[in-house]
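Shown next: entry_10.cif, containing mmCIF, C-alpha atoms.
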```cif
data_start
loop_
_atom_site.label_atom_id
_atom_site.label_comp_id
_atom_site.auth_asym_id
_atom_site.auth_seq_id
_atom_site.Cartn_x
_atom_site.Cartn_y
_atom_site.Cartn_z
CA MET I 1 -12.67 -19.30 -7.95
CA GLN I 2 -10.00 -18.39 -10.46
CA TYR I 3 -9.24 -14.94 -11.81
CA LEU I 4 -7.88 -13.61 -15.09
CA ILE I 5 -6.54 -10.08 -15.49
CA ASP I 6 -6.56 -8.34 -18.87
CA TRP I 7 -3.64 -5.91 -18.73
CA GLY I 8 -5.03 -3.61 -21.45
CA ASP I 9 -2.04 -4.06 -23.75
CA GLY I 10 -3.11 -7.25 -25.54
CA THR I 11 -1.77 -9.54 -22.79
CA ASP I 12 -3.39 -11.14 -19.77
CA SER I 13 -2.36 -13.02 -16.65
CA GLY I 14 -3.86 -16.32 -17.74
CA TRP I 15 -6.17 -18.04 -15.27
CA LEU I 16 -4.56 -17.69 -11.85
CA PRO I 17 -4.39 -20.73 -9.56
CA VAL I 18 -7.22 -21.21 -7.06
CA GLY I 19 -6.65 -18.97 -4.02
CA VAL I 20 -4.47 -16.44 -5.87
CA VAL I 21 -6.38 -13.16 -6.09
CA GLY I 22 -3.82 -10.79 -7.59
CA ALA I 23 -0.93 -10.51 -9.99
CA SER I 24 1.59 -7.86 -11.00
CA LYS I 25 2.57 -6.43 -14.35
CA SER I 26 5.33 -4.17 -15.68
CA TRP I 27 4.56 -2.35 -18.89
CA SER I 28 7.44 -1.62 -21.26
CA ALA I 29 6.00 1.55 -22.82
CA PRO I 30 4.39 4.70 -21.40
CA GLY I 31 0.64 5.02 -21.84
CA THR I 32 -2.70 4.51 -20.15
CA TYR I 33 -3.83 0.91 -19.96
CA PRO I 34 -7.45 -0.18 -19.25
CA VAL I 35 -6.99 -3.09 -16.83
CA LYS I 36 -9.98 -5.37 -16.10
CA ALA I 37 -10.59 -8.78 -14.54
CA ARG I 38 -12.98 -11.69 -14.68
CA ALA I 39 -13.62 -14.77 -12.57
CA ARG I 40 -14.57 -18.36 -13.24
CA CYS I 41 -15.58 -21.39 -11.23
CA ASP I 42 -12.63 -23.74 -10.74
CA THR I 43 -14.82 -26.88 -10.79
CA ASP I 44 -16.94 -25.85 -13.81
CA THR I 45 -14.66 -23.70 -15.94
CA ASP I 46 -17.48 -22.92 -18.39
CA VAL I 47 -19.01 -20.64 -15.71
CA VAL I 48 -17.22 -17.34 -16.39
CA SER I 49 -18.15 -13.83 -15.25
CA LYS I 50 -18.30 -10.74 -17.40
CA PHE I 51 -15.26 -8.48 -17.28
CA SER I 52 -15.18 -5.97 -14.44
CA SER I 53 -15.26 -2.27 -15.15
CA THR I 54 -11.84 -1.02 -16.19
CA PHE I 55 -9.24 0.52 -13.92
CA SER I 56 -6.91 2.88 -15.77
CA VAL I 57 -3.20 2.42 -15.12
CA THR I 58 -0.99 5.24 -16.37
CA VAL I 59 2.65 4.44 -17.04
CA SER I 60 4.89 7.48 -17.37
CA ASP I 61 8.35 7.67 -18.89
CA SER I 62 9.43 9.83 -15.96
CA PRO I 63 9.22 8.14 -12.57
CA THR I 64 7.08 9.62 -9.81
CA PRO I 65 9.30 10.66 -6.90
CA ILE I 66 6.80 9.15 -4.44
CA THR I 67 6.21 5.41 -4.72
CA LEU I 68 3.28 3.92 -2.80
CA LEU I 69 4.25 0.69 -1.02
CA SER I 70 1.32 -0.49 1.08
CA PRO I 71 -1.43 -1.36 1.26
CA ALA I 72 -1.38 -2.98 -2.16
CA ASP I 73 -3.93 -1.87 -4.71
CA GLY I 74 -7.24 -3.62 -4.08
CA THR I 75 -6.51 -4.70 -0.50
CA PRO I 76 -9.80 -5.31 1.36
CA TYR I 77 -10.46 -3.74 4.79
CA ASP I 78 -13.34 -4.18 7.19
CA SER I 79 -14.65 -0.63 7.21
CA CYS I 80 -16.13 -0.89 10.69
CA SER I 81 -13.19 -2.48 12.47
CA LEU I 82 -11.18 -0.23 14.74
CA TYR I 83 -8.96 -3.14 15.81
CA SER I 84 -7.11 -3.78 12.58
CA LEU I 85 -6.53 -0.38 11.01
CA PRO I 86 -4.51 -0.06 7.81
CA THR I 87 -0.93 1.19 7.71
CA PHE I 88 -0.01 3.29 4.69
CA SER I 89 3.61 3.52 3.54
CA TRP I 90 5.57 4.96 0.63
CA GLU I 91 9.11 5.69 -0.56
CA ALA I 92 10.30 9.14 -1.53
CA ASP I 93 12.96 9.77 -4.14
CA GLY I 94 14.03 13.24 -3.07
CA THR I 95 13.80 15.50 -0.08
CA PHE I 96 10.39 16.41 1.25
CA ASN I 97 9.58 18.46 4.36
CA GLY I 98 6.33 16.62 4.92
CA TYR I 99 3.57 14.55 3.40
CA GLN I 100 -0.19 14.64 3.23
CA ILE I 101 -2.13 11.46 2.66
CA GLU I 102 -5.51 12.00 1.01
CA PHE I 103 -8.56 9.77 0.69
CA SER I 104 -11.39 10.10 -1.81
CA GLU I 105 -14.43 8.25 -3.08
CA THR I 106 -13.33 9.03 -6.66
CA GLU I 107 -10.12 8.20 -8.48
CA SER I 108 -9.95 11.77 -9.81
CA PHE I 109 -10.06 13.19 -6.26
CA ASP I 110 -12.89 15.58 -7.21
CA THR I 111 -13.57 15.72 -3.49
CA THR I 112 -11.28 14.67 -0.68
CA ALA I 113 -12.99 12.53 1.95
CA ALA I 114 -10.26 13.08 4.54
CA SER I 115 -6.56 13.78 4.82
CA ASP I 116 -3.81 13.70 7.40
CA LYS I 117 -0.27 15.09 7.58
CA THR I 118 3.00 13.47 8.61
CA THR I 119 6.75 13.93 8.26
CA SER I 120 7.30 10.17 8.02
CA THR I 121 7.04 7.89 4.97
CA SER I 122 4.48 5.72 6.73
CA MET I 123 1.32 6.29 8.68
CA VAL I 124 -0.42 3.89 10.99
CA MET I 125 -4.03 4.92 10.59
CA ASP I 126 -5.47 6.06 13.90
CA ASP I 127 -9.12 5.54 14.74
CA THR I 128 -9.94 9.28 14.64
CA VAL I 129 -8.79 9.67 11.02
CA TRP I 130 -10.29 6.29 10.02
CA LYS I 131 -13.67 7.39 11.44
CA ARG I 132 -13.43 10.63 9.38
CA VAL I 133 -12.62 8.61 6.25
CA ILE I 134 -15.57 6.25 6.76
CA ALA I 135 -17.93 9.06 7.78
CA ALA I 136 -17.16 10.84 4.50
CA PHE I 137 -19.09 8.10 2.71
CA GLY I 138 -22.31 9.36 4.33
CA THR I 139 -24.87 8.27 6.85
CA ASN I 140 -28.08 6.33 6.56
CA ALA I 141 -31.53 7.53 7.66
CA SER I 142 -30.95 6.39 11.25
CA GLY I 143 -27.68 8.32 11.48
CA GLY I 144 -25.44 5.25 11.20
CA MET I 145 -22.53 5.22 8.78
CA PHE I 146 -22.81 3.22 5.60
CA VAL I 147 -20.30 2.05 3.05
CA ILE I 148 -21.09 0.67 -0.37
CA PRO I 149 -20.24 -3.07 -0.21
CA GLY I 150 -16.96 -3.67 -1.99
CA GLY I 151 -16.60 0.05 -2.62
CA PRO I 152 -13.17 1.49 -3.36
CA LEU I 153 -11.49 4.13 -1.25
CA PHE I 154 -8.78 5.88 -3.25
CA TRP I 155 -5.64 7.19 -1.61
CA ARG I 156 -2.57 9.15 -2.63
CA VAL I 157 0.31 11.04 -1.03
CA ILE I 158 1.39 14.62 -1.65
CA GLY I 159 4.97 15.48 -0.72
CA THR I 160 5.90 19.09 0.07
CA ARG I 161 9.36 20.37 -0.79
CA ALA I 162 11.25 23.18 1.00
CA ASP I 163 10.16 25.65 -1.71
CA LYS I 164 6.50 24.79 -0.85
CA THR I 165 5.89 22.96 -4.16
CA GLY I 166 3.90 19.76 -3.99
CA VAL I 167 4.52 16.43 -5.71
CA VAL I 168 1.54 14.08 -6.07
CA SER I 169 1.96 10.31 -6.11
CA TYR I 170 -0.10 8.06 -8.32
CA THR I 171 -3.37 6.72 -6.86
CA ARG I 172 -4.21 3.39 -5.26
CA ALA I 173 -7.47 1.99 -3.96
CA ILE I 174 -8.38 -0.16 -1.00
CA ILE I 175 -11.68 -1.98 -0.94
CA LEU I 176 -13.96 -1.16 1.98
CA GLU I 177 -15.94 -4.22 2.96
CA PRO I 178 -19.37 -3.64 4.52
#
```

For the file at hand, write its structure as structure tokens.
Amino acid sequence: MQYLIDWGDGTDSGWLPVGVVGASKSWSAPGTYPVKARARCDTDTDVVSKFSSTFSVTVSDSPTPITLLSPADGTPYDSCSLYSLPTFSWEADGTFNGYQIEFSETESFDTTAASDKTTSTSMVMDDTVWKRVIAAFGTNASGGMFVIPGGPLFWRVIGTRADKTGVVSYTRAIILEP
């Protein structure tokens, strides 16, 4: 498979080499860009998928004081594995007394699936919090947890300053594999 990313500003990544599943982009102007991707067969390049649904990327002219580092946007995780749990990390430009990492099924964070607090700029996910995150996606009729195959789990960090004001990072998504 090969992938092409439309950056939403009239440019694209071009067809990426086989095995490369991501690319990066720096926009030169503030705005909201509708990013989407498509795939094609590397042996029969006439077989091309439709474009994916868009993912909005907002570029601001003022930098966010909290920069998310890992996991990278779109990183897949086995939702049922308790042996290889994700580690979340970020940089903070400024002084914060603490951080709260939040998880949601929606990019707008209409509802928060789970959250956890730390004073560090990284968090190794523990199995208790990971179970709460996965359980937030619901249960099936037999009481077992289910996750939509390939479904995104959005995450962000909120930093708290000494004056109790909060600063919200931008949002990233990891992909929960069934």

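Residues with any atom within 7 Å of Pro76 of chain I, counting only C-alpha atoms and excluding same-chain neighbours fewer than 3 positions away, are Ile174, Ile175, Leu176 and Glu177 of chain I.
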
When the PyMOL selection byres ((chain I and resi 173) around 9) is applied to the structure above, which residues does it catch, written out as a ChimeraX atom specification?
/I:71-75,107,152-156,171-172,174-175

Exercise: Asp44 of chain I partners within 12 Å, only C-alpha atoms, chain neighbours under 5 positions left out, as a PyMOL selection string:
chain I and resi 1-2+39

Where's the centre, and what are the edge lengths in Å to one decimal, of a box along x, y and z enclosing all listed atoms of segment 114-132 of chain I padded 6 Å per side, as JSON?
```
{"center_x": -3.2, "center_y": 9.5, "center_z": 9.6, "size_x": 33.0, "size_y": 23.2, "size_z": 22.2}
```

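Distance annotation: of I:Ser169, I:Lys36, I:Ser89, I:Pro30, the residue with the minimal separation from Thr11 of chain I is I:Lys36; atom set is all atoms listed in the file.
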